$ cat start06.tsv   # TSV, C-alpha atoms and all ligand atoms
chain	number	residue	atom	x	y	z
A	1	MET	CA	-16.48	-9.17	-23.60
A	2	THR	CA	-13.45	-6.97	-24.33
A	3	ALA	CA	-10.11	-8.26	-23.11
A	4	ARG	CA	-8.55	-6.55	-20.12
A	5	LEU	CA	-4.98	-5.43	-20.59
A	6	TYR	CA	-2.21	-5.35	-17.97
A	7	ILE	CA	1.43	-4.28	-18.30
A	8	ARG	CA	4.00	-5.67	-15.86
A	9	PRO	CA	7.36	-3.90	-16.29
A	10	ILE	CA	10.36	-6.20	-15.87
A	11	GLY	CA	14.15	-6.01	-16.16
A	12	ARG	CA	15.10	-2.91	-14.23
A	13	LEU	CA	17.76	-0.79	-15.91
A	14	GLU	CA	20.28	1.55	-14.39
A	15	PRO	CA	19.37	5.24	-14.73
A	16	SER	CA	20.54	6.85	-18.01
A	17	THR	CA	20.90	3.52	-19.81
A	18	PRO	CA	21.21	4.38	-23.51
A	19	ALA	CA	18.51	1.95	-24.60
A	20	ALA	CA	14.77	2.19	-25.16
A	21	ALA	CA	13.39	2.09	-21.65
A	22	LEU	CA	10.02	2.09	-19.99
A	23	GLU	CA	9.86	4.88	-17.42
A	24	VAL	CA	7.41	4.15	-14.60
A	25	ALA	CA	5.38	6.69	-12.61
A	26	GLY	CA	7.46	9.58	-13.94
A	27	ARG	CA	10.57	8.30	-12.15
A	28	VAL	CA	13.79	8.77	-14.08
A	29	ASP	CA	15.40	6.30	-11.67
A	30	LEU	CA	12.79	3.66	-12.48
A	31	LEU	CA	13.49	2.35	-15.97
A	32	PHE	CA	12.57	-1.10	-17.29
A	33	ALA	CA	13.88	-2.92	-20.33
A	34	ALA	CA	10.77	-4.94	-21.09
A	35	ALA	CA	7.32	-5.88	-19.90
A	36	GLU	CA	4.98	-8.78	-19.63
A	37	LEU	CA	1.87	-7.87	-21.63
A	38	ILE	CA	-1.11	-9.72	-20.24
A	39	GLU	CA	-4.61	-9.97	-21.69
A	40	ARG	CA	-7.48	-11.59	-19.84
A	41	SER	CA	-10.84	-12.30	-21.41
A	42	SER	CA	-13.56	-14.56	-19.94
A	43	GLY	CA	-11.07	-16.39	-17.78
A	44	ALA	CA	-8.50	-17.01	-20.55
A	45	VAL	CA	-5.15	-15.33	-19.92
A	46	ARG	CA	-2.62	-14.62	-22.70
A	47	ARG	CA	0.89	-13.54	-21.73
A	48	ARG	CA	3.78	-12.38	-23.85
A	49	PHE	CA	7.05	-10.61	-23.25
A	50	VAL	CA	7.80	-7.47	-25.23
A	51	THR	CA	10.74	-5.11	-25.20
A	52	ALA	CA	10.26	-1.54	-24.02
A	53	GLY	CA	10.79	-0.36	-27.61
A	54	GLU	CA	8.08	-2.68	-28.96
A	55	LEU	CA	5.69	-1.54	-26.27
A	56	LEU	CA	6.35	2.18	-26.73
A	57	HIS	CA	5.85	1.95	-30.51
A	58	SER	CA	3.10	-0.67	-30.65
A	59	GLY	CA	0.62	1.59	-32.45
A	60	ASP	CA	-2.17	-0.04	-30.42
A	61	GLU	CA	-4.59	2.47	-28.84
A	62	ALA	CA	-5.36	0.30	-25.76
A	63	VAL	CA	-1.63	-0.21	-25.08
A	64	ALA	CA	-0.99	3.53	-25.47
A	65	GLN	CA	-3.72	4.34	-22.93
A	66	ALA	CA	-2.40	1.78	-20.45
A	67	LEU	CA	1.13	3.15	-20.90
A	68	GLN	CA	-0.05	6.68	-20.26
A	69	ARG	CA	-1.37	5.66	-16.79
A	70	LEU	CA	1.76	3.63	-16.04
A	71	GLN	CA	4.24	6.31	-17.00
A	72	GLN	CA	2.70	9.59	-15.87
A	73	PRO	CA	4.35	11.23	-12.84
A	74	ARG	CA	2.55	10.86	-9.52
A	75	GLY	CA	1.81	14.09	-7.67
A	76	PRO	CA	2.61	14.52	-3.97
A	77	ILE	CA	0.49	12.88	-1.26
A	78	ALA	CA	0.01	15.10	1.82
A	79	ASP	CA	2.79	17.34	0.41
A	80	LEU	CA	5.17	14.39	0.24
A	81	ALA	CA	7.04	14.06	-3.07
A	82	LEU	CA	6.84	10.49	-4.38
A	83	ASP	CA	10.03	10.49	-6.43
A	84	ARG	CA	11.75	8.08	-4.01
A	85	PRO	CA	10.52	5.41	-1.57
A	86	CYS	CA	8.93	7.01	1.50
A	87	VAL	CA	8.74	5.29	4.85
A	88	MET	CA	5.46	5.10	6.77
A	89	GLY	CA	6.08	4.23	10.42
A	90	VAL	CA	3.48	2.14	12.24
A	91	VAL	CA	2.05	3.44	15.52
A	92	ASN	CA	-0.33	0.79	16.85
A	93	VAL	CA	-2.57	1.90	19.71
A	94	THR	CA	-4.02	-1.58	20.24
A	95	PRO	CA	-3.85	-4.23	22.94
A	96	ASP	CA	-3.48	-7.08	20.43
A	97	SER	CA	-1.62	-6.15	17.24
A	98	PHE	CA	0.42	-9.03	15.92
A	99	SER	CA	3.80	-7.48	16.48
A	100	ASP	CA	3.64	-4.77	19.12
A	101	GLY	CA	0.21	-5.19	20.67
A	102	GLY	CA	-0.28	-3.41	23.98
A	103	ARG	CA	3.08	-1.69	24.08
A	104	TYR	CA	1.72	1.72	23.09
A	105	LEU	CA	-1.86	1.56	24.35
A	106	ALA	CA	-1.40	4.57	26.65
A	107	PRO	CA	-1.58	7.78	24.53
A	108	GLU	CA	1.69	9.15	25.98
A	109	ALA	CA	3.54	5.96	25.06
A	110	ALA	CA	2.11	5.97	21.52
A	111	ILE	CA	2.97	9.66	21.08
A	112	SER	CA	6.55	9.22	22.21
A	113	HIS	CA	6.85	6.16	19.96
A	114	GLY	CA	5.63	8.31	17.02
A	115	VAL	CA	8.12	11.06	17.88
A	116	GLN	CA	10.87	8.44	18.01
A	117	LEU	CA	9.88	7.06	14.59
A	118	GLU	CA	10.03	10.56	13.11
A	119	THR	CA	13.53	10.97	14.57
A	120	GLU	CA	14.49	7.67	12.95
A	121	GLY	CA	13.43	9.02	9.55
A	122	ALA	CA	9.74	8.22	9.05
A	123	ASP	CA	8.08	10.32	6.35
A	124	ILE	CA	4.54	9.47	7.55
A	125	LEU	CA	3.18	8.09	10.82
A	126	ASP	CA	0.25	5.65	10.55
A	127	ILE	CA	-1.90	5.57	13.68
A	128	GLY	CA	-4.31	2.68	14.18
A	129	GLY	CA	-6.58	1.69	17.07
A	130	GLU	CA	-8.13	-1.50	15.72
A	131	SER	CA	-6.12	-4.65	15.23
A	132	THR	CA	-6.59	-6.14	11.75
A	133	ARG	CA	-4.40	-9.18	12.26
A	134	PRO	CA	-5.96	-12.48	11.10
A	135	GLY	CA	-8.66	-13.70	13.50
A	136	SER	CA	-9.18	-10.36	15.24
A	137	ASP	CA	-12.66	-9.05	16.08
A	138	PRO	CA	-13.87	-5.55	15.19
A	139	ILE	CA	-13.98	-2.99	17.99
A	140	ASP	CA	-16.52	-0.39	18.98
A	141	ARG	CA	-16.14	2.95	17.13
A	142	GLU	CA	-16.13	5.01	20.30
A	143	GLU	CA	-13.35	2.85	21.72
A	144	GLU	CA	-11.40	3.26	18.48
A	145	CYS	CA	-11.83	7.05	18.71
A	146	ARG	CA	-10.75	6.99	22.37
A	147	ARG	CA	-7.54	5.22	21.33
A	148	VAL	CA	-6.50	7.14	18.22
A	149	LEU	CA	-7.77	10.72	18.60
A	150	PRO	CA	-5.57	11.77	21.56
A	151	VAL	CA	-2.56	10.25	19.79
A	152	ILE	CA	-3.31	12.08	16.54
A	153	GLU	CA	-3.91	15.35	18.39
A	154	GLY	CA	-0.72	14.95	20.41
A	155	LEU	CA	1.45	13.97	17.44
A	156	ALA	CA	0.02	16.73	15.23
A	157	LYS	CA	1.51	19.20	17.72
A	158	GLN	CA	4.86	17.46	18.05
A	159	VAL	CA	5.91	16.17	14.64
A	160	ARG	CA	6.32	17.73	11.20
A	161	VAL	CA	5.55	14.62	9.15
A	162	PRO	CA	1.99	13.93	7.95
A	163	LEU	CA	-0.15	11.61	10.05
A	164	SER	CA	-2.33	8.92	8.58
A	165	VAL	CA	-5.23	7.24	10.33
A	166	ASP	CA	-5.56	3.48	9.91
A	167	THR	CA	-9.29	2.86	10.16
A	168	ARG	CA	-12.22	1.17	8.41
A	169	ASN	CA	-14.82	3.40	10.06
A	170	ALA	CA	-16.23	6.59	8.52
A	171	GLU	CA	-16.82	8.39	11.81
A	172	VAL	CA	-13.23	7.70	12.90
A	173	MET	CA	-12.01	9.07	9.54
A	174	ARG	CA	-14.05	12.25	10.01
A	175	ARG	CA	-12.91	12.88	13.58
A	176	ALA	CA	-9.30	11.92	12.85
A	177	ALA	CA	-9.22	14.46	10.00
A	178	GLN	CA	-10.45	17.13	12.44
A	179	ALA	CA	-7.78	16.07	14.92
A	180	GLY	CA	-4.99	16.51	12.35
A	181	ALA	CA	-4.75	13.33	10.24
A	182	ARG	CA	-3.75	14.10	6.65
A	183	ILE	CA	-4.12	10.66	5.06
A	184	ILE	CA	-6.75	7.92	5.45
A	185	ASN	CA	-5.47	4.33	5.37
A	186	ASP	CA	-8.33	1.85	5.01
A	187	VAL	CA	-7.57	-1.88	4.85
A	188	SER	CA	-11.07	-2.41	3.44
A	189	ALA	CA	-10.57	0.09	0.59
A	190	LEU	CA	-13.57	2.11	1.85
A	191	THR	CA	-15.96	-0.87	1.73
A	192	HIS	CA	-16.36	-1.75	5.42
A	193	ASP	CA	-18.53	1.20	6.42
A	194	PRO	CA	-21.30	2.25	4.00
A	195	ARG	CA	-20.52	5.93	4.73
A	196	SER	CA	-16.77	5.73	4.12
A	197	LEU	CA	-16.79	6.84	0.48
A	198	GLU	CA	-18.88	9.89	1.24
A	199	ILE	CA	-17.00	10.87	4.41
A	200	ALA	CA	-13.55	10.24	2.95
A	201	ALA	CA	-14.48	12.39	-0.05
A	202	ALA	CA	-15.75	15.16	2.26
A	203	THR	CA	-12.46	15.26	4.19
A	204	GLY	CA	-10.56	16.01	0.97
A	205	LEU	CA	-7.72	13.77	2.23
A	206	PRO	CA	-5.69	11.27	0.21
A	207	VAL	CA	-6.80	7.66	0.77
A	208	VAL	CA	-4.86	4.40	0.81
A	209	LEU	CA	-7.05	1.68	-0.72
A	210	MET	CA	-5.79	-1.69	0.50
A	211	HIS	CA	-7.00	-4.94	-1.00
A	212	ALA	CA	-8.36	-7.57	1.37
A	213	GLN	CA	-10.36	-10.68	0.59
A	214	GLY	CA	-12.87	-11.07	3.42
A	215	ASP	CA	-12.59	-9.41	6.82
A	216	PRO	CA	-9.84	-9.84	9.40
A	217	ARG	CA	-11.81	-12.36	11.48
A	218	THR	CA	-12.19	-14.94	8.68
A	219	MET	CA	-9.93	-13.83	5.84
A	220	GLN	CA	-7.33	-16.59	6.24
A	221	HIS	CA	-9.89	-19.44	6.20
A	222	ASN	CA	-9.58	-20.36	2.54
A	223	PRO	CA	-8.55	-17.45	0.35
A	224	THR	CA	-9.14	-18.27	-3.32
A	225	TYR	CA	-8.33	-16.47	-6.56
A	226	ALA	CA	-8.41	-17.34	-10.26
A	227	ASP	CA	-5.16	-15.37	-10.68
A	228	VAL	CA	-4.17	-13.55	-7.53
A	229	VAL	CA	-2.24	-10.72	-9.19
A	230	LEU	CA	-4.89	-9.96	-11.83
A	231	ASP	CA	-7.78	-10.40	-9.39
A	232	VAL	CA	-6.22	-8.02	-6.85
A	233	TYR	CA	-5.50	-5.55	-9.67
A	234	ASP	CA	-9.12	-5.70	-10.90
A	235	ALA	CA	-10.51	-5.31	-7.37
A	236	LEU	CA	-8.32	-2.27	-6.73
A	237	GLU	CA	-9.28	-0.78	-10.07
A	238	SER	CA	-12.96	-1.10	-9.25
A	239	ARG	CA	-12.37	0.63	-5.87
A	240	VAL	CA	-10.40	3.42	-7.62
A	241	GLU	CA	-13.35	3.90	-9.97
A	242	ALA	CA	-15.83	3.90	-7.06
A	243	CYS	CA	-13.73	6.61	-5.38
A	244	GLU	CA	-13.64	8.68	-8.56
A	245	ARG	CA	-17.45	8.45	-8.81
A	246	ALA	CA	-17.69	9.57	-5.17
A	247	GLY	CA	-15.49	12.61	-5.87
A	248	ILE	CA	-12.04	11.39	-4.78
A	249	PRO	CA	-9.72	11.93	-7.76
A	250	ARG	CA	-7.19	9.26	-8.75
A	251	GLU	CA	-4.29	11.63	-7.92
A	252	ARG	CA	-5.39	11.45	-4.29
A	253	LEU	CA	-5.44	7.65	-4.14
A	254	VAL	CA	-2.76	5.16	-3.15
A	255	VAL	CA	-3.22	1.46	-3.94
A	256	ASP	CA	-1.93	-1.44	-1.87
A	257	PRO	CA	-2.11	-5.17	-2.70
A	258	GLY	CA	-2.70	-6.01	0.99
A	259	ILE	CA	-0.02	-8.57	1.81
A	260	GLY	CA	-1.44	-11.11	4.30
A	261	PHE	CA	-5.05	-9.98	4.01
A	262	GLY	CA	-6.94	-13.01	2.67
A	263	LYS	CA	-3.85	-14.48	1.03
A	264	THR	CA	-1.85	-17.68	1.34
A	265	LEU	CA	1.94	-17.76	1.24
A	266	VAL	CA	1.80	-18.50	-2.49
A	267	HIS	CA	-0.53	-15.53	-3.07
A	268	ASN	CA	1.72	-13.20	-1.08
A	269	LEU	CA	4.80	-14.26	-3.01
A	270	ALA	CA	3.07	-13.85	-6.37
A	271	LEU	CA	2.07	-10.31	-5.39
A	272	LEU	CA	5.54	-9.43	-4.10
A	273	ALA	CA	7.03	-10.63	-7.38
A	274	SER	CA	4.59	-8.58	-9.48
A	275	LEU	CA	4.40	-5.23	-7.73
A	276	THR	CA	5.30	-3.26	-10.88
A	277	ILE	CA	1.97	-4.19	-12.44
A	278	PHE	CA	0.12	-2.03	-9.88
A	279	HIS	CA	1.65	1.17	-11.29
A	280	GLY	CA	-0.74	0.60	-14.18
A	281	LEU	CA	-3.56	1.86	-11.95
A	282	GLY	CA	-2.13	5.38	-12.21
A	283	CYS	CA	-1.79	5.85	-8.44
A	284	ALA	CA	1.05	5.71	-5.95
A	285	VAL	CA	1.66	2.18	-4.59
A	286	LEU	CA	2.04	1.24	-0.92
A	287	LEU	CA	3.51	-2.01	0.40
A	288	GLY	CA	2.98	-3.32	3.93
A	289	ALA	CA	5.03	-6.47	4.48
A	290	SER	CA	6.75	-5.58	7.73
A	291	ARG	CA	6.89	-8.42	10.31
A	292	LYS	CA	4.10	-10.32	8.54
A	293	SER	CA	3.60	-14.03	8.97
A	294	PHE	CA	4.71	-14.96	5.43
A	295	ILE	CA	8.25	-14.11	6.57
A	296	GLY	CA	8.03	-16.62	9.40
A	297	LYS	CA	6.62	-19.25	7.02
A	298	LEU	CA	9.43	-18.76	4.48
A	299	ALA	CA	12.15	-18.69	7.09
A	300	MET	CA	10.95	-21.51	9.33
A	301	GLY	CA	13.49	-22.52	11.88
A	302	THR	CA	15.07	-19.08	12.07
A	303	SER	CA	14.52	-17.08	15.20
A	304	GLY	CA	13.99	-13.39	15.78
A	305	ASP	CA	11.58	-10.62	15.12
A	306	ARG	CA	11.29	-10.96	11.31
A	307	LEU	CA	13.35	-7.80	10.84
A	308	PRO	CA	15.73	-9.22	8.20
A	309	GLY	CA	12.80	-10.61	6.22
A	310	SER	CA	10.96	-7.29	6.54
A	311	LEU	CA	13.98	-5.41	5.18
A	312	SER	CA	14.27	-7.85	2.32
A	313	ALA	CA	10.61	-7.28	1.42
A	314	ALA	CA	11.00	-3.49	1.69
A	315	LEU	CA	13.91	-3.57	-0.79
A	316	LEU	CA	11.90	-5.78	-3.14
A	317	GLY	CA	9.24	-3.09	-3.04
A	318	ALA	CA	11.68	-0.23	-3.55
A	319	ALA	CA	13.23	-1.96	-6.57
A	320	GLN	CA	9.76	-2.23	-8.09
A	321	GLY	CA	9.00	1.45	-7.60
A	322	VAL	CA	6.77	1.22	-4.54
A	323	GLN	CA	6.42	4.80	-3.33
A	324	ILE	CA	5.38	4.13	0.29
A	325	LEU	CA	6.72	1.36	2.55
A	326	ARG	CA	4.68	0.75	5.71
A	327	VAL	CA	7.10	-0.53	8.35
A	328	HIS	CA	7.56	-1.03	12.09
A	329	ASP	CA	11.36	-0.71	12.05
A	330	VAL	CA	11.97	2.74	10.62
A	331	ALA	CA	15.68	3.19	11.41
A	332	ALA	CA	16.61	-0.21	10.01
A	333	THR	CA	14.51	0.34	6.88
A	334	ARG	CA	16.09	3.75	6.34
A	335	GLN	CA	19.55	2.19	6.57
A	336	ALA	CA	18.65	-0.57	4.11
A	337	LEU	CA	17.20	2.00	1.69
A	338	ALA	CA	20.25	4.24	2.02
A	339	VAL	CA	22.52	1.42	0.86
A	340	TRP	CA	20.14	0.46	-1.94
A	341	GLN	CA	19.79	4.06	-3.09
A	342	GLY	CA	23.53	4.70	-2.78
A	343	VAL	CA	24.29	1.87	-5.18
A	344	GLY	CA	21.49	2.80	-7.58
A	345	SER	CA	22.24	6.48	-7.98
B	1	LIG	C1	-3.14	-1.39	8.90
B	1	LIG	N1	-2.36	-2.27	8.05
B	1	LIG	C2	-1.82	-3.46	8.40
B	1	LIG	N2	-1.18	-3.99	7.33
B	1	LIG	C3	-1.31	-3.11	6.31
B	1	LIG	C4	-0.89	-3.09	4.99
B	1	LIG	O1	-0.22	-4.09	4.45
B	1	LIG	N3	-1.21	-2.03	4.23
B	1	LIG	C5	-1.93	-1.00	4.73
B	1	LIG	N4	-2.22	0.03	3.91
B	1	LIG	N5	-2.36	-0.96	5.99
B	1	LIG	C6	-2.06	-2.01	6.78
$ encode --input "start06.tsv" --output "structure tokens"
Amino acid sequence: MTARLYIRPIGRLEPSTPAAALEVAGRVDLLFAAAELIERSSGAVRRRFVTAGELLHSGDEAVAQALQRLQQPRGPIADLALDRPCVMGVVNVTPDSFSDGGRYLAPEAAISHGVQLETEGADILDIGGESTRPGSDPIDREEECRRVLPVIEGLAKQVRVPLSVDTRNAEVMRRAAQAGARIINDVSALTHDPRSLEIAAATGLPVVLMHAQGDPRTMQHNPTYADVVLDVYDALESRVEACERAGIPRERLVVDPGIGFGKTLVHNLALLASLTIFHGLGCAVLLGASRKSFIGKLAMGTSGDRLPGSLSAALLGAAQGVQILRVHDVAATRQALAVWQGVGS
């Protein structure tokens, strides 16, 4: 069996540092001084640290190919340039989502929430009608359509930013695309519904492929990995390849490690610390950490709505080149990013 190769950029440099630097995803503001070079073969993992210069001039064909994917610029998604972190605002149209369940179940309330998030600076609005929090049961497709379609139709008329539909169901994807959705966000990476690959390809829309181990009802029972970062990477790569075979090109895909979906606290932290590795898949990267339970577990004894922890996670993502941050608190995230970007530029 041939060894699999992974490159995890580390040691972020300031822009225009006069040293050999690893540029990630075509971003001149995203330079790294070194990388962890990881090889995995039949369960054995070999890790070594190399400087950017050593990596760029290694003379190894496999390394050169991996670097090509890591470094090439990402094209726009739904006309959105990915040369800075974009903010995807969450519009839940569910009675039971973990953080704002029931508040926006009426279409008018969800639409005005979406309009408000655009005013606060959202670049994308993500509309979902099925709760995917741990322990939740799937809902009927017609009910899901009843929840999300009027909201997508209403928002498509009222906002300029692209809408994404958060669904695992092919029929919902198809009808949402007709109603005006311009991105598909599937927490099952197009595996839940046997028709998803075909329908998503037929819509021609970009797709967010999120990693989950198991389904929402049971995923937190005993999540297990040999190496969480490499296993999630491999699983996403195999979904990217399945999409390519089905006619969805890599340029139209966004990958997401799926924080909290079939992961323990230790798994979530390992992923958050290693986000740069996912640029090696040659796609834009999305991070959804907003208000998730790992924040409450880390900050036990603190009170509040997990906003400070969510902002901290968003900045961790931005510093690792994540192109899309999925958040509930758009205005606060925008402010945090403005400070971060102000210092970095
Ligand atoms: C719908 N949804 C809830 N959490 C999510 C996450 O982390 N990523 C994506 N893509 N979607 C999510």
$ closest_residue --input "start06.tsv" --among "A:Gly114, A:Gly204, A:Gly11, A:Pro308" --to "A:Ile248" --atoms "only C-alpha atoms"
A:Gly204
$ residues_near_ligand --input "start06.tsv" --ligand "ligand LIG 1 (chain B)" --cutoff "7 Å" --atoms "only C-alpha atoms and all ligand atoms" --output "ChimeraX atom specification"
/A:128,132,166,185-187,208-210,256,258-259,286-289,326
$ atom_distance --input "start06.tsv" --atom1 "atom CA of A:Met88" --atom2 "atom CA of A:Pro216"
21.5 Å
$ residues_around --input "start06.tsv" --residues "stretch 275-282 of chain A" --least-positions-apart "3" --cutoff "7 Å" --atoms "only C-alpha atoms" --output "ChimeraX atom specification"
/A:7-9,25,66,69-70,233,237,271-272,285,320-321
$ residues_around --input "start06.tsv" --residues "A:Val159" --least-positions-apart "4" --cutoff "10 Å" --atoms "only C-alpha atoms" --output "list in words"
Ile111, Gly114, Val115, Gln116, Leu117, Glu118, Thr119, Ile124, Leu125, Gly154, Leu155 and Leu163 of chain A
$ closest_residue --input "start06.tsv" --among "A:Ala314, A:Cys283, A:Ala181, A:Cys145" --to "A:Arg74" --atoms "all atoms listed in the file"
A:Cys283
$ closest_residue --input "start06.tsv" --among "A:Glu108, A:Glu39, A:Glu251, A:Asp140" --to "A:Glu153" --atoms "all atoms listed in the file"
A:Glu108
$ residues_near_point --input "start06.tsv" --point "(-1.6, 7.9, 5.9)" --cutoff "6 Å" --atoms "only C-alpha atoms" --output "list of chain:residue names"
A:Asp126, A:Leu163, A:Ser164, A:Val165, A:Ile183, A:Ile184, A:Asn185
$ atom_distance --input "start06.tsv" --atom1 "atom CA of A:Glu241" --atom2 "atom CA of A:Ser196"
14.6 Å
$ atom_distance --input "start06.tsv" --atom1 "atom CA of A:Asp215" --atom2 "atom CA of A:Val90"
20.5 Å
$ closest_residue --input "start06.tsv" --among "A:Ala78, A:Ala189, A:Val266, A:Leu230" --to "A:Ile295" --atoms "only C-alpha atoms"
A:Val266
$ closest_residue --input "start06.tsv" --among "A:Val232, A:Ala64, A:Leu105, A:Ala33" --to "A:Asn268" --atoms "all atoms listed in the file"
A:Val232
$ closest_residue --input "start06.tsv" --among "A:Pro194, A:Val50, A:Gly26, A:Met173" --to "A:Leu82" --atoms "all atoms listed in the file"
A:Gly26
$ residues_around --input "start06.tsv" --residues "A:Pro107" --least-positions-apart "5" --cutoff "9 Å" --atoms "only C-alpha atoms" --output "list in words"
Val93, Ser112, Arg147, Val148, Pro150, Val151 and Gly154 of chain A
$ residues_around --input "start06.tsv" --residues "A:Pro85" --least-positions-apart "4" --cutoff "12 Å" --atoms "all atoms listed in the file" --output "number ranges by chain"
A: 27, 29-30, 80-81, 122-124, 284-287, 314-326, 333-334, 336-338, 340-341
$ build_atoms --input "start06.tsv" --residues "stretch 26-38 of chain A" --atoms "N, CA, C and O atoms" --output "compact mmCIF listing (two decimals), in the frame of the given file"
# COMPACT_ATOMS: atom_id res chain seq x y z
N GLY A 26 6.71 8.33 -13.80
CA GLY A 26 7.46 9.58 -13.94
C GLY A 26 8.80 9.57 -13.24
O GLY A 26 9.41 10.61 -13.05
N ARG A 27 9.31 8.38 -12.90
CA ARG A 27 10.57 8.30 -12.15
C ARG A 27 11.73 8.03 -13.10
O ARG A 27 11.78 6.96 -13.71
N VAL A 28 12.66 8.98 -13.19
CA VAL A 28 13.79 8.77 -14.08
C VAL A 28 14.72 7.69 -13.55
O VAL A 28 15.54 7.14 -14.28
N ASP A 29 14.58 7.37 -12.26
CA ASP A 29 15.40 6.30 -11.67
C ASP A 29 14.70 4.94 -11.78
O ASP A 29 15.19 3.96 -11.24
N LEU A 30 13.56 4.90 -12.45
CA LEU A 30 12.79 3.66 -12.48
C LEU A 30 12.51 3.27 -13.93
O LEU A 30 11.44 3.54 -14.47
N LEU A 31 13.56 2.69 -14.54
CA LEU A 31 13.49 2.35 -15.97
C LEU A 31 13.48 0.84 -16.12
O LEU A 31 14.20 0.13 -15.42
N PHE A 32 12.67 0.35 -17.05
CA PHE A 32 12.57 -1.10 -17.29
C PHE A 32 12.83 -1.40 -18.76
O PHE A 32 12.47 -0.63 -19.65
N ALA A 33 13.47 -2.55 -18.98
CA ALA A 33 13.88 -2.92 -20.33
C ALA A 33 12.76 -3.58 -21.12
O ALA A 33 12.78 -3.59 -22.35
N ALA A 34 11.79 -4.13 -20.40
CA ALA A 34 10.77 -4.94 -21.09
C ALA A 34 9.53 -5.01 -20.22
O ALA A 34 9.47 -4.41 -19.14
N ALA A 35 8.54 -5.74 -20.71
CA ALA A 35 7.32 -5.88 -19.90
C ALA A 35 6.64 -7.19 -20.27
O ALA A 35 6.82 -7.71 -21.38
N GLU A 36 5.88 -7.68 -19.32
CA GLU A 36 4.98 -8.78 -19.63
C GLU A 36 3.64 -8.12 -19.99
O GLU A 36 3.09 -7.34 -19.19
N LEU A 37 3.16 -8.41 -21.18
CA LEU A 37 1.87 -7.87 -21.63
C LEU A 37 0.84 -8.97 -21.42
O LEU A 37 0.98 -10.07 -21.97
N ILE A 38 -0.16 -8.68 -20.63
CA ILE A 38 -1.11 -9.72 -20.24
C ILE A 38 -2.50 -9.31 -20.70
O ILE A 38 -2.92 -8.17 -20.49
